[in-house]
>>> print(open('input.csv').read())   # CSV, C-alpha atoms
chain,number,residue,atom,x,y,z
H,1,MET,CA,16.0,-1.2,15.2
H,2,LYS,CA,16.3,1.7,17.6
H,3,LEU,CA,14.3,4.3,15.7
H,4,LEU,CA,11.4,1.9,15.4
H,5,LYS,CA,11.5,0.9,19.0
H,6,GLU,CA,11.4,4.6,20.0
H,7,LYS,CA,8.3,5.1,17.8
H,8,VAL,CA,6.6,2.1,19.3
H,9,MET,CA,7.4,3.4,22.8
H,10,THR,CA,6.3,7.0,22.2
H,11,GLU,CA,3.4,6.5,19.8
H,12,GLY,CA,2.2,3.0,20.2
H,13,ILE,CA,-1.1,2.6,22.1
H,14,VAL,CA,-1.8,-0.6,24.0
H,15,LEU,CA,-5.4,-1.4,23.4
H,16,SER,CA,-5.4,-4.7,25.2
H,17,ASP,CA,-3.0,-7.6,26.1
H,18,GLN,CA,-3.2,-8.6,22.5
H,19,VAL,CA,-3.6,-5.4,20.4
H,20,LEU,CA,-0.9,-2.7,19.9
H,21,LYS,CA,-2.2,0.2,17.9
H,22,VAL,CA,0.5,1.9,15.7
H,23,ASP,CA,-1.7,3.8,13.3
H,24,SER,CA,0.3,7.0,13.7
H,25,PHE,CA,3.4,5.7,11.8
H,26,LEU,CA,2.8,2.2,10.4
H,27,ASN,CA,-0.6,1.2,9.3
H,28,HIS,CA,-2.8,4.3,8.7
H,29,GLN,CA,-0.7,7.4,8.9
H,30,MET,CA,2.8,6.5,7.8
H,31,ASP,CA,6.2,8.1,8.4
H,32,PRO,CA,7.9,7.8,4.9
H,33,GLU,CA,11.4,8.4,6.3
H,34,LEU,CA,10.9,5.6,8.8
H,35,MET,CA,9.6,3.4,6.0
H,36,ARG,CA,12.7,4.1,4.0
H,37,GLU,CA,14.9,3.2,6.9
H,38,ILE,CA,12.9,0.0,7.5
H,39,GLY,CA,13.4,-0.9,3.8
H,40,GLY,CA,17.1,-0.2,4.1
H,41,GLU,CA,17.3,-2.4,7.2
H,42,PHE,CA,15.6,-5.4,5.6
H,43,ALA,CA,17.8,-5.0,2.6
H,44,ARG,CA,20.9,-5.1,4.8
H,45,ARG,CA,19.7,-8.1,6.9
H,46,PHE,CA,18.9,-10.1,3.7
H,47,ALA,CA,21.9,-9.0,1.7
H,48,GLY,CA,23.6,-11.8,-0.2
H,49,GLU,CA,20.4,-13.8,-0.5
H,50,GLU,CA,20.1,-13.0,-4.2
H,51,ILE,CA,16.5,-12.0,-3.7
H,52,THR,CA,14.5,-11.6,-7.0
H,53,LYS,CA,11.1,-10.5,-5.7
H,54,VAL,CA,9.6,-8.9,-2.6
H,55,LEU,CA,6.1,-10.2,-1.7
H,56,THR,CA,3.6,-8.7,0.7
H,57,ILE,CA,-0.1,-8.4,1.3
H,58,GLU,CA,-2.3,-5.4,1.1
H,59,SER,CA,-2.5,-2.9,2.6
H,60,SER,CA,-0.1,-2.1,5.5
H,61,GLY,CA,2.7,-4.3,4.1
H,62,ILE,CA,2.9,-2.2,0.9
H,63,ALA,CA,4.9,0.7,2.2
H,64,PRO,CA,7.7,-1.3,4.0
H,65,ALA,CA,7.8,-3.7,1.0
H,66,ILE,CA,8.2,-1.1,-1.7
H,67,MET,CA,11.0,0.6,0.2
H,68,THR,CA,12.7,-2.8,0.7
H,69,ALA,CA,12.3,-3.6,-3.0
H,70,LEU,CA,13.7,-0.1,-3.9
H,71,GLU,CA,16.8,-0.8,-1.9
H,72,LEU,CA,17.2,-4.4,-3.3
H,73,LYS,CA,16.4,-3.2,-6.9
H,74,VAL,CA,13.8,-5.9,-7.5
H,75,PRO,CA,10.1,-5.8,-8.2
H,76,MET,CA,7.5,-5.9,-5.4
H,77,ILE,CA,4.3,-7.8,-5.6
H,78,PHE,CA,1.4,-7.3,-3.2
H,79,ALA,CA,-1.1,-10.2,-2.7
H,80,ARG,CA,-4.7,-9.1,-2.8
H,81,LYS,CA,-7.1,-10.1,0.0
H,82,HIS,CA,-10.1,-10.0,-2.3
H,83,LYS,CA,-10.3,-11.1,-5.9
H,84,SER,CA,-9.8,-8.4,-8.4
H,85,LEU,CA,-12.1,-8.0,-11.4
H,86,THR,CA,-9.2,-7.6,-13.8
H,87,LEU,CA,-7.3,-10.5,-12.2
H,88,LYS,CA,-9.5,-13.4,-13.2
H,89,ASP,CA,-7.5,-16.2,-14.5
H,90,ASP,CA,-4.1,-17.7,-13.9
H,91,ILE,CA,-4.0,-16.8,-10.2
H,92,LEU,CA,-2.4,-18.5,-7.3
H,93,VAL,CA,-4.9,-18.7,-4.4
H,94,GLU,CA,-4.4,-19.5,-0.7
H,95,LYS,CA,-6.9,-19.3,2.2
H,96,VAL,CA,-5.8,-17.1,5.1
H,97,TYR,CA,-7.7,-16.9,8.4
H,98,SER,CA,-7.6,-13.5,10.1
H,99,PHE,CA,-7.9,-13.8,13.9
H,100,THR,CA,-8.4,-10.1,14.2
H,101,LYS,CA,-11.3,-10.0,11.8
H,102,ARG,CA,-12.5,-13.5,12.4
H,103,GLU,CA,-12.8,-14.3,8.7
H,104,THR,CA,-11.1,-16.3,6.0
H,105,ASN,CA,-9.9,-14.4,3.0
H,106,GLU,CA,-8.7,-15.9,-0.3
H,107,ILE,CA,-5.4,-14.1,-1.0
H,108,THR,CA,-4.4,-14.1,-4.6
H,109,VAL,CA,-1.3,-13.4,-6.7
H,110,SER,CA,-1.2,-13.5,-10.5
H,111,LYS,CA,0.8,-16.5,-11.7
H,112,LYS,CA,2.7,-14.5,-14.3
H,113,PHE,CA,4.7,-12.6,-11.7
H,114,LEU,CA,6.3,-15.7,-10.0
H,115,SER,CA,8.4,-18.5,-11.4
H,116,ASP,CA,10.3,-21.4,-10.1
H,117,SER,CA,13.6,-19.5,-10.4
H,118,ASP,CA,12.4,-16.8,-8.0
H,119,ARG,CA,14.0,-16.2,-4.6
H,120,VAL,CA,11.3,-14.3,-2.6
H,121,LEU,CA,11.5,-12.2,0.5
H,122,ILE,CA,8.1,-11.9,2.3
H,123,ILE,CA,7.5,-8.6,4.1
H,124,ASP,CA,4.7,-7.7,6.4
H,125,ASP,CA,3.9,-5.1,9.0
H,126,PHE,CA,2.9,-7.4,11.9
H,127,LEU,CA,3.5,-11.0,12.8
H,128,ALA,CA,1.0,-12.5,15.3
H,129,ASN,CA,-0.3,-15.9,14.5
H,130,GLY,CA,1.6,-16.2,11.2
H,131,GLU,CA,-1.5,-16.9,9.0
H,132,ALA,CA,-0.7,-14.2,6.4
H,133,ALA,CA,3.0,-15.2,6.3
H,134,PHE,CA,2.2,-18.9,5.9
H,135,GLY,CA,-0.3,-18.1,3.1
H,136,LEU,CA,2.2,-16.0,1.2
H,137,ALA,CA,4.9,-18.7,1.6
H,138,ARG,CA,2.5,-21.3,0.3
H,139,ILE,CA,1.8,-19.1,-2.8
H,140,VAL,CA,5.5,-18.8,-3.4
H,141,GLU,CA,5.9,-22.6,-3.1
H,142,GLN,CA,3.0,-23.3,-5.4
H,143,VAL,CA,5.2,-22.3,-8.3
H,144,GLY,CA,8.3,-24.0,-6.9
H,145,ALA,CA,10.0,-20.7,-6.0
H,146,ALA,CA,12.1,-20.3,-2.8
H,147,VAL,CA,11.1,-18.3,0.3
H,148,VAL,CA,14.3,-16.7,1.3
H,149,GLY,CA,12.9,-15.4,4.5
H,150,VAL,CA,10.1,-13.4,6.3
H,151,GLY,CA,10.9,-9.8,7.2
H,152,ILE,CA,8.5,-8.4,9.9
H,153,VAL,CA,8.3,-4.8,11.1
H,154,ILE,CA,6.7,-5.6,14.5
H,155,GLU,CA,6.6,-9.2,15.9
H,156,LYS,CA,4.2,-10.0,18.7
H,157,SER,CA,6.5,-12.7,20.2
H,158,PHE,CA,3.8,-13.7,22.7
H,159,GLN,CA,1.7,-15.1,19.8
H,160,PRO,CA,2.8,-18.3,18.1
H,161,GLY,CA,3.5,-17.0,14.5
H,162,ALA,CA,7.3,-16.5,14.7
H,163,ARG,CA,7.8,-19.9,16.5
H,164,LEU,CA,5.6,-21.7,14.0
H,165,LEU,CA,7.4,-20.2,11.0
H,166,VAL,CA,10.9,-21.0,12.4
H,167,GLU,CA,9.7,-24.6,13.2
H,168,ALA,CA,8.6,-24.9,9.6
H,169,GLY,CA,12.1,-24.0,8.4
H,170,TYR,CA,11.7,-20.3,7.5
H,171,ARG,CA,14.1,-17.6,8.5
H,172,VAL,CA,12.2,-14.9,10.4
H,173,ASP,CA,13.8,-11.5,10.9
H,174,SER,CA,11.7,-9.0,12.9
H,175,LEU,CA,12.8,-5.4,13.4
H,176,VAL,CA,11.2,-5.2,16.8
H,177,ARG,CA,9.9,-8.0,19.0
H,178,VAL,CA,7.2,-7.3,21.5
H,179,ALA,CA,7.3,-9.8,24.3
H,180,SER,CA,4.3,-8.6,26.2
H,181,LEU,CA,1.5,-5.9,26.2
H,182,GLU,CA,0.4,-6.8,29.7
H,183,ASP,CA,-0.7,-4.0,32.1
H,184,GLY,CA,-0.9,-1.6,29.2
H,185,VAL,CA,2.9,-1.6,28.9
H,186,VAL,CA,5.0,-2.6,25.8
H,187,THR,CA,7.8,-4.9,26.9
H,188,PHE,CA,10.4,-5.7,24.2
H,189,ALA,CA,11.8,-9.2,23.8
H,190,ASP,CA,15.4,-8.1,24.1
H,191,GLU,CA,14.7,-6.4,27.4
H,192,LEU,CA,14.1,-9.9,28.8
H,193,ASP,CA,17.4,-11.3,27.5
B,1,MET,CA,6.1,11.6,-17.8
B,2,LYS,CA,8.1,9.7,-20.5
B,3,LEU,CA,9.2,6.6,-18.5
B,4,LEU,CA,5.6,6.0,-17.4
B,5,LYS,CA,4.2,6.4,-20.9
B,6,GLU,CA,6.7,3.9,-22.1
B,7,LYS,CA,5.6,1.4,-19.4
B,8,VAL,CA,2.0,1.9,-20.4
B,9,MET,CA,2.8,1.3,-24.0
B,10,THR,CA,5.0,-1.7,-23.5
B,11,GLU,CA,3.3,-3.4,-20.6
B,12,GLY,CA,-0.3,-2.1,-20.4
B,13,ILE,CA,-3.0,-4.5,-21.6
B,14,VAL,CA,-6.2,-3.1,-23.0
B,15,LEU,CA,-8.9,-5.4,-21.7
B,16,SER,CA,-11.8,-3.3,-23.1
B,17,ASP,CA,-12.7,0.2,-24.3
B,18,GLN,CA,-12.9,1.1,-20.5
B,19,VAL,CA,-10.2,-1.0,-18.8
B,20,LEU,CA,-6.5,-0.7,-19.0
B,21,LYS,CA,-4.6,-3.4,-17.1
B,22,VAL,CA,-1.2,-2.3,-15.7
B,23,ASP,CA,-0.7,-4.9,-13.1
B,24,SER,CA,2.9,-5.6,-14.1
B,25,PHE,CA,4.2,-2.2,-12.7
B,26,LEU,CA,1.5,-0.2,-10.9
B,27,ASN,CA,-1.2,-2.1,-9.1
B,28,HIS,CA,-0.2,-5.7,-8.4
B,29,GLN,CA,3.5,-6.1,-9.2
B,30,MET,CA,5.2,-2.7,-8.7
B,31,ASP,CA,8.4,-1.3,-10.1
B,32,PRO,CA,9.9,0.5,-7.0
B,33,GLU,CA,12.3,2.7,-9.1
B,34,LEU,CA,9.3,3.9,-11.2
B,35,MET,CA,7.4,4.6,-8.0
B,36,ARG,CA,10.3,6.6,-6.7
B,37,GLU,CA,10.4,8.6,-9.9
B,38,ILE,CA,6.6,9.1,-9.8
B,39,GLY,CA,7.0,10.4,-6.2
B,40,GLY,CA,9.7,12.8,-7.3
B,41,GLU,CA,7.6,14.1,-10.2
B,42,PHE,CA,4.5,14.8,-8.0
B,43,ALA,CA,6.8,16.6,-5.5
B,44,ARG,CA,8.2,18.8,-8.3
B,45,ARG,CA,4.8,19.6,-9.7
B,46,PHE,CA,3.4,20.6,-6.4
B,47,ALA,CA,6.5,22.3,-5.1
B,48,GLY,CA,5.8,25.6,-3.3
B,49,GLU,CA,2.3,24.5,-2.2
B,50,GLU,CA,3.4,24.0,1.4
B,51,ILE,CA,1.9,20.6,1.6
B,52,THR,CA,1.6,19.1,5.1
B,53,LYS,CA,0.1,15.7,4.4
B,54,VAL,CA,-0.3,13.3,1.5
B,55,LEU,CA,-3.6,11.4,1.4
B,56,THR,CA,-4.4,8.3,-0.6
B,57,ILE,CA,-6.7,5.3,-0.5
B,58,GLU,CA,-5.7,1.6,-0.1
B,59,SER,CA,-4.2,-0.3,-1.9
B,60,SER,CA,-2.7,0.8,-5.2
B,61,GLY,CA,-2.4,4.4,-4.1
B,62,ILE,CA,0.0,3.6,-1.2
B,63,ALA,CA,3.2,3.1,-3.1
B,64,PRO,CA,3.1,6.3,-5.2
B,65,ALA,CA,1.8,8.2,-2.2
B,66,ILE,CA,4.6,7.0,0.2
B,67,MET,CA,7.2,8.0,-2.4
B,68,THR,CA,5.6,11.4,-2.9
B,69,ALA,CA,5.5,11.9,0.9
B,70,LEU,CA,9.2,10.8,1.2
B,71,GLU,CA,10.2,13.5,-1.3
B,72,LEU,CA,8.0,16.2,0.3
B,73,LYS,CA,9.1,15.1,3.9
B,74,VAL,CA,5.5,15.0,5.2
B,75,PRO,CA,3.4,12.1,6.6
B,76,MET,CA,1.3,10.0,4.3
B,77,ILE,CA,-2.2,8.8,5.3
B,78,PHE,CA,-4.1,6.0,3.5
B,79,ALA,CA,-7.9,6.0,3.8
B,80,ARG,CA,-9.3,2.5,4.5
B,81,LYS,CA,-12.1,1.1,2.3
B,82,HIS,CA,-13.4,-1.1,5.1
B,83,LYS,CA,-13.7,-0.1,8.7
B,84,SER,CA,-10.8,-1.3,10.8
B,85,LEU,CA,-11.4,-3.0,14.2
B,86,THR,CA,-8.8,-0.9,15.9
B,87,LEU,CA,-10.1,2.3,14.3
B,88,LYS,CA,-13.5,2.5,15.9
B,89,ASP,CA,-14.2,6.0,17.1
B,90,ASP,CA,-13.3,9.5,16.0
B,91,ILE,CA,-13.3,8.7,12.3
B,92,LEU,CA,-14.1,10.7,9.2
B,93,VAL,CA,-16.3,8.7,6.9
B,94,GLU,CA,-17.4,9.3,3.3
B,95,LYS,CA,-19.4,7.0,0.9
B,96,VAL,CA,-17.6,6.2,-2.3
B,97,TYR,CA,-19.2,4.3,-5.2
B,98,SER,CA,-16.9,2.0,-7.2
B,99,PHE,CA,-18.1,1.7,-10.8
B,100,THR,CA,-15.6,-1.2,-11.3
B,101,LYS,CA,-16.9,-3.2,-8.4
B,102,ARG,CA,-20.4,-1.9,-8.5
B,103,GLU,CA,-20.5,-1.3,-4.8
B,104,THR,CA,-20.4,1.5,-2.3
B,105,ASN,CA,-17.7,1.6,0.3
B,106,GLU,CA,-17.4,3.7,3.4
B,107,ILE,CA,-13.9,5.1,3.3
B,108,THR,CA,-12.5,6.2,6.6
B,109,VAL,CA,-9.7,8.3,8.0
B,110,SER,CA,-8.9,8.8,11.7
B,111,LYS,CA,-9.8,12.3,12.8
B,112,LYS,CA,-6.6,12.7,14.8
B,113,PHE,CA,-4.4,12.8,11.6
B,114,LEU,CA,-6.0,15.8,9.9
B,115,SER,CA,-6.6,19.3,11.3
B,116,ASP,CA,-7.9,22.6,9.8
B,117,SER,CA,-4.3,23.8,9.3
B,118,ASP,CA,-3.4,21.0,7.0
B,119,ARG,CA,-2.7,21.4,3.3
B,120,VAL,CA,-3.3,18.0,1.7
B,121,LEU,CA,-2.2,16.5,-1.6
B,122,ILE,CA,-4.4,13.7,-2.7
B,123,ILE,CA,-2.6,10.9,-4.7
B,124,ASP,CA,-4.2,7.9,-6.5
B,125,ASP,CA,-3.1,5.4,-9.1
B,126,PHE,CA,-6.1,5.9,-11.5
B,127,LEU,CA,-8.6,8.6,-12.2
B,128,ALA,CA,-11.8,7.4,-14.0
B,129,ASN,CA,-15.1,8.7,-12.7
B,130,GLY,CA,-13.5,10.6,-9.8
B,131,GLU,CA,-15.5,9.0,-7.0
B,132,ALA,CA,-12.5,8.1,-4.9
B,133,ALA,CA,-10.8,11.5,-5.3
B,134,PHE,CA,-14.1,13.3,-4.5
B,135,GLY,CA,-14.5,11.1,-1.4
B,136,LEU,CA,-11.0,11.9,-0.2
B,137,ALA,CA,-11.5,15.6,-0.8
B,138,ARG,CA,-14.7,15.6,1.2
B,139,ILE,CA,-12.8,13.9,4.1
B,140,VAL,CA,-10.2,16.6,4.0
B,141,GLU,CA,-12.9,19.3,3.9
B,142,GLN,CA,-14.8,17.8,6.8
B,143,VAL,CA,-12.1,19.1,9.1
B,144,GLY,CA,-11.7,22.4,7.3
B,145,ALA,CA,-8.3,21.5,5.8
B,146,ALA,CA,-7.3,22.5,2.3
B,147,VAL,CA,-7.1,20.2,-0.8
B,148,VAL,CA,-4.0,21.5,-2.6
B,149,GLY,CA,-4.5,19.3,-5.5
B,150,VAL,CA,-5.1,15.8,-6.9
B,151,GLY,CA,-2.1,13.9,-8.3
B,152,ILE,CA,-3.0,11.0,-10.5
B,153,VAL,CA,-0.6,8.4,-12.1
B,154,ILE,CA,-2.9,7.4,-15.0
B,155,GLU,CA,-5.9,9.5,-15.9
B,156,LYS,CA,-8.5,8.0,-18.2
B,157,SER,CA,-9.5,11.3,-19.8
B,158,PHE,CA,-12.4,9.7,-21.7
B,159,GLN,CA,-14.2,9.3,-18.4
B,160,PRO,CA,-15.5,12.3,-16.5
B,161,GLY,CA,-13.5,12.3,-13.3
B,162,ALA,CA,-10.8,14.9,-14.3
B,163,ARG,CA,-13.3,17.3,-15.8
B,164,LEU,CA,-15.7,17.1,-12.8
B,165,LEU,CA,-12.8,17.7,-10.3
B,166,VAL,CA,-11.6,20.7,-12.3
B,167,GLU,CA,-15.1,22.1,-12.5
B,168,ALA,CA,-15.4,21.7,-8.7
B,169,GLY,CA,-12.3,23.9,-8.4
B,170,TYR,CA,-9.6,21.3,-7.7
B,171,ARG,CA,-6.2,21.3,-9.4
B,172,VAL,CA,-5.7,17.9,-11.1
B,173,ASP,CA,-2.2,16.9,-12.2
B,174,SER,CA,-2.0,13.5,-14.1
B,175,LEU,CA,1.3,12.0,-15.1
B,176,VAL,CA,-0.2,10.4,-18.1
B,177,ARG,CA,-3.6,11.0,-19.7
B,178,VAL,CA,-5.2,8.3,-21.8
B,179,ALA,CA,-7.6,9.7,-24.3
B,180,SER,CA,-8.9,6.4,-25.6
B,181,LEU,CA,-8.6,2.6,-25.4
B,182,GLU,CA,-10.6,2.0,-28.5
B,183,ASP,CA,-9.7,-0.8,-30.9
B,184,GLY,CA,-7.4,-2.2,-28.2
B,185,VAL,CA,-5.0,0.7,-28.6
B,186,VAL,CA,-3.8,3.2,-26.0
B,187,THR,CA,-4.0,6.7,-27.3
B,188,PHE,CA,-2.5,9.4,-25.1
B,189,ALA,CA,-4.3,12.8,-24.8
B,190,ASP,CA,-1.1,14.7,-25.8
B,191,GLU,CA,-1.0,12.8,-29.1
B,192,LEU,CA,-4.3,14.5,-30.0
B,193,ASP,CA,-3.1,18.0,-29.2
>>> encode(input="input.csv", output="structure tokens")
Amino acid sequence: MKLLKEKVMTEGIVLSDQVLKVDSFLNHQMDPELMREIGGEFARRFAGEEITKVLTIESSGIAPAIMTALELKVPMIFARKHKSLTLKDDILVEKVYSFTKRETNEITVSKKFLSDSDRVLIIDDFLANGEAAFGLARIVEQVGAAVVGVGIVIEKSFQPGARLLVEAGYRVDSLVRVASLEDGVVTFADELD
Amino acid sequence: MKLLKEKVMTEGIVLSDQVLKVDSFLNHQMDPELMREIGGEFARRFAGEEITKVLTIESSGIAPAIMTALELKVPMIFARKHKSLTLKDDILVEKVYSFTKRETNEITVSKKFLSDSDRVLIIDDFLANGEAAFGLARIVEQVGAAVVGVGIVIEKSFQPGARLLVEAGYRVDSLVRVASLEDGVVTFADELD
């Protein structure tokens, strides 16, 4: 996605070989027009998949997910990373390890919003080790619903998440794929093709 | 806002005299078309205010805020409730007490996204005691920017937040105002007029 690549090139800050900071347009300050275009792009890529729900995880996944759901005309659900006080019973729970924060969270979704007839598109802002995406997929599968695919805004292709998800049988569609952050430079995967 | 009132009446669940659960369309599962209409309504109400930024707090404020920002054609920023690992320095911090969770969070916004020339619209899903809104307003004022107003999806008018914000000089615009949850029934403020 050309516009997104330009944003990554002009505004992304390489903090280390592992960490790309994109807080000016994706996960702290957000560009709403870019979010709308991201939602449109996911909707196009997964057109014909008869998606019934879009699922993401708080917080940075919410904006791209709501725009995708708007375009697909289906509800969006965001999984919570911490148990809510008004969300006590009848919840689907999965453990998700965060390599960034070095902690395990129990992510939760209320049972009443997913059923075995659902066809779910998982959306997230970043894909690195795949922990969050796998956790969301397991939640969908707990109720016997289908994971149609995983839509990612920025994939860090040098980390194993995308490969592991594909090996597990999931369709992964990333809008930009970062092959390397070495020497403080963003190299995109398609530049290596 | 008629559509939103209908949603509250048909899907809202009164858990106690204090707690209204709206997780089917506002803060867990979200109705993207409703979010778009909410964004449009805030943009109309604050038209002519020359807003430069929309500010909210994770997580449930993000969807209404991004839709408002899309309509106003300005960036949206969400404050974080917990410090981010990639957001270490140059941050604006305010303490916010959550009556629901009975804990104090340090909410943070990166300094680089706010300046003294900004005119900021604060958006949140709920207004109860006003702690989050006041915290966001203090963050805006730390850099000398102006708080144009506070746009709230659901105001619980029987709690003091709205009154305290107005007394402090802020414009508060709530799309629906709930006067009471007594006896398990949602009574709207305009029904008492």
>>> atom_distance(input="input.csv", atom1="CA of Phe25 in chain H", atom2="CA of Lys81 in chain B")
18.8 Å
>>> atom_distance(input="input.csv", atom1="CA of Lys2 in chain B", atom2="CA of Ile77 in chain B")
27.8 Å
>>> interface_residues(input="input.csv", of="chain H", to="chain B", cutoff="6 Å", atoms="all atoms listed in the file", output="number ranges by chain")
H: 28-32, 59, 66, 70, 75-78
>>> residues_around(input="input.csv", residues="Ala168 in chain H", least_positions_apart="4", cutoff="12 Å", atoms="all atoms listed in the file", output="list in words")
Gly130, Ala133, Phe134, Ala137, Arg138, Val147, Gly149, Gly161, Ala162, Arg163, Leu164 and Val172 of chain H
>>> residues_around(input="input.csv", residues="range 180-192 of chain B", least_positions_apart="2", cutoff="8 Å", atoms="only C-alpha atoms", output="list in words")
Met9, Val14, Leu15, Ser16, Asp17, Gln18, Val19, Leu20, Lys156, Ser157, Phe158, Val176, Arg177 and Val178 of chain B
>>> atom_distance(input="input.csv", atom1="CA of Val96 in chain B", atom2="CA of Leu165 in chain B")
14.8 Å
>>> decode(input="input.csv", residues="range 148-155 of chain H", atoms="all heavy atoms", output="short mmCIF file (atom, residue, chain, number, x, y, z; two decimals), in the first residue's frame")
data_model
loop_
_atom_site.label_atom_id
_atom_site.label_comp_id
_atom_site.auth_asym_id
_atom_site.auth_seq_id
_atom_site.Cartn_x
_atom_site.Cartn_y
_atom_site.Cartn_z
N VAL H 148 -11.21 -16.19 8.86
CA VAL H 148 -11.11 -15.99 7.41
C VAL H 148 -9.68 -15.57 7.04
O VAL H 148 -9.16 -15.94 5.99
CB VAL H 148 -12.12 -14.92 6.97
CG1 VAL H 148 -11.82 -14.43 5.57
CG2 VAL H 148 -13.53 -15.47 7.09
N GLY H 149 -9.07 -14.80 7.91
CA GLY H 149 -7.71 -14.34 7.65
C GLY H 149 -7.27 -13.35 8.69
O GLY H 149 -8.02 -12.99 9.61
N VAL H 150 -6.02 -12.93 8.56
CA VAL H 150 -5.41 -11.98 9.48
C VAL H 150 -4.91 -10.80 8.64
O VAL H 150 -4.04 -10.97 7.78
CB VAL H 150 -4.23 -12.63 10.25
CG1 VAL H 150 -3.60 -11.63 11.20
CG2 VAL H 150 -4.69 -13.88 10.98
N GLY H 151 -5.47 -9.62 8.88
CA GLY H 151 -5.06 -8.42 8.16
C GLY H 151 -4.18 -7.57 9.05
O GLY H 151 -4.57 -7.20 10.16
N ILE H 152 -2.98 -7.27 8.58
CA ILE H 152 -1.97 -6.58 9.39
C ILE H 152 -1.57 -5.27 8.70
O ILE H 152 -1.36 -5.25 7.49
CB ILE H 152 -0.73 -7.48 9.55
CG1 ILE H 152 -1.09 -8.77 10.29
CG2 ILE H 152 0.43 -6.74 10.21
CD1 ILE H 152 -1.49 -8.59 11.74
N VAL H 153 -1.47 -4.20 9.47
CA VAL H 153 -1.04 -2.94 8.88
C VAL H 153 0.46 -2.99 8.56
O VAL H 153 0.87 -2.79 7.43
CB VAL H 153 -1.38 -1.74 9.79
CG1 VAL H 153 -0.96 -0.44 9.13
CG2 VAL H 153 -2.89 -1.70 10.10
N ILE H 154 1.29 -3.29 9.56
CA ILE H 154 2.74 -3.38 9.35
C ILE H 154 3.26 -4.72 9.85
O ILE H 154 3.18 -5.00 11.05
CB ILE H 154 3.48 -2.23 10.07
CG1 ILE H 154 3.02 -0.86 9.53
CG2 ILE H 154 5.01 -2.38 9.87
CD1 ILE H 154 3.66 0.33 10.23
N GLU H 155 3.76 -5.51 8.94
CA GLU H 155 4.37 -6.79 9.30
C GLU H 155 5.87 -6.63 9.41
O GLU H 155 6.51 -6.07 8.51
CB GLU H 155 4.04 -7.83 8.21
CG GLU H 155 4.73 -9.17 8.39
CD GLU H 155 4.55 -10.07 7.17
OE1 GLU H 155 3.40 -10.20 6.69
OE2 GLU H 155 5.56 -10.61 6.68
#
